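**Q** Structure in structure tokens, see below.
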Amino acid sequence: MVADRAEELLWVLDHLDDLDADFLAIYGIDLEQVEISARRYFALAYRLTAYTGVMAAVAEEEREDRPASTAPTRTSTTAAPTGSGTGEATEVSLTQFRAQFPGLVSVTQGG
């Protein structure tokens, strides 16, 4: 439905300056100098939380503010089950995962 799709995309309006900063810092794209298609813009914007930048910090803050009973955000990942044998998985954010396992996940800047 069109309304559902619009709702999925309208989050960018609340973060225009943050997105602009991350596009420049992470992708090396100055949105004031370069035109990109809407499809590419939203694809790249959606992936910004995977990198260390403003949008990753915003997503992490929103995740921490959310009650534990709600669904995970796109920035969270599920870790392998613990050795307790219960088969239960522990959910951690990408930022927490990077902190727990430095060097395991690398981030590169596109260009």
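Ordering of the structure tokens sets the chain letters (A, B, ...); residue numbers start at 1 within each chain; ligands are numbered from 1 in the order shown.
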Would you kindly return, as a list in words, each protein, DNA or RNA residue with an atom no farther than 12 Å from any atom of Glu32 in chain A, considering only C-alpha atoms and excluding same-chain residues fewer than 4 positions away?
**A**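 In the requested form, the answer reads Leu16, Asp17, Asp20, Ala21, Phe23, Leu24, Gly28 and Ile36 of chain A.
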**Q** Just checking: using only C-alpha atoms, which residue out of A:Ala38, A:Leu13, A:Val2, A:Ala25 ends up closest to Val54 in chain A?
**A**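 Residue with the minimum atom-to-atom distance to Val54 in chain A: A:Ala25.
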**Q** Would you please extract all alpha helix (DSSP H) residues from range 2-72 of chain A, as assigned by DSSP on the backbone, and give them as an MDAnalysis selection string?
**A** chainID A and resid 2:9 16:22 38:47 54:65
**Q** Can you write out the residues you just picked, keeping C-alpha atoms, as a PDB file, in the first residue's frame?
**A**
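After the write, part25.pdb holds the following:
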```pdb
ATOM      1  CA  VAL A   2       1.234   3.492  -0.837  1.00  0.00           C
ATOM      2  CA  ALA A   3       0.657   4.854   2.669  1.00  0.00           C
ATOM      3  CA  ASP A   4       2.730   2.053   4.201  1.00  0.00           C
ATOM      4  CA  ARG A   5       5.583   2.670   1.767  1.00  0.00           C
ATOM      5  CA  ALA A   6       5.473   6.422   2.416  1.00  0.00           C
ATOM      6  CA  GLU A   7       5.676   5.788   6.156  1.00  0.00           C
ATOM      7  CA  GLU A   8       8.756   3.589   5.604  1.00  0.00           C
ATOM      8  CA  LEU A   9      10.520   6.421   3.773  1.00  0.00           C
ATOM      9  CA  LEU A  16      18.190  15.412   6.770  1.00  0.00           C
ATOM     10  CA  ASP A  17      21.262  17.125   8.284  1.00  0.00           C
ATOM     11  CA  ASP A  18      22.444  13.886   9.913  1.00  0.00           C
ATOM     12  CA  LEU A  19      22.042  11.986   6.649  1.00  0.00           C
ATOM     13  CA  ASP A  20      23.894  14.696   4.755  1.00  0.00           C
ATOM     14  CA  ALA A  21      26.785  14.505   7.218  1.00  0.00           C
ATOM     15  CA  ASP A  22      26.967  10.707   7.060  1.00  0.00           C
ATOM     16  CA  ALA A  38      15.977   8.537  -5.082  1.00  0.00           C
ATOM     17  CA  ARG A  39      16.391   4.760  -5.225  1.00  0.00           C
ATOM     18  CA  ARG A  40      20.132   5.014  -4.556  1.00  0.00           C
ATOM     19  CA  TYR A  41      19.653   7.690  -1.888  1.00  0.00           C
ATOM     20  CA  PHE A  42      17.222   5.586   0.133  1.00  0.00           C
ATOM     21  CA  ALA A  43      19.269   2.417  -0.333  1.00  0.00           C
ATOM     22  CA  LEU A  44      22.395   4.144   0.970  1.00  0.00           C
ATOM     23  CA  ALA A  45      20.528   6.015   3.712  1.00  0.00           C
ATOM     24  CA  TYR A  46      18.985   2.791   5.005  1.00  0.00           C
ATOM     25  CA  ARG A  47      22.443   1.207   5.291  1.00  0.00           C
ATOM     26  CA  VAL A  54      25.519   9.964  13.259  1.00  0.00           C
ATOM     27  CA  MET A  55      22.721   7.687  12.068  1.00  0.00           C
ATOM     28  CA  ALA A  56      24.265   4.690  13.834  1.00  0.00           C
ATOM     29  CA  ALA A  57      24.333   6.707  17.053  1.00  0.00           C
ATOM     30  CA  VAL A  58      20.712   7.802  16.544  1.00  0.00           C
ATOM     31  CA  ALA A  59      19.600   4.221  15.908  1.00  0.00           C
ATOM     32  CA  GLU A  60      21.493   2.994  18.960  1.00  0.00           C
ATOM     33  CA  GLU A  61      19.916   5.687  21.132  1.00  0.00           C
ATOM     34  CA  GLU A  62      16.440   4.795  19.860  1.00  0.00           C
ATOM     35  CA  ARG A  63      17.101   1.111  20.490  1.00  0.00           C
ATOM     36  CA  GLU A  64      18.215   1.806  24.059  1.00  0.00           C
ATOM     37  CA  ASP A  65      15.141   3.964  24.713  1.00  0.00           C
TER      38      ASP A  65
END
```
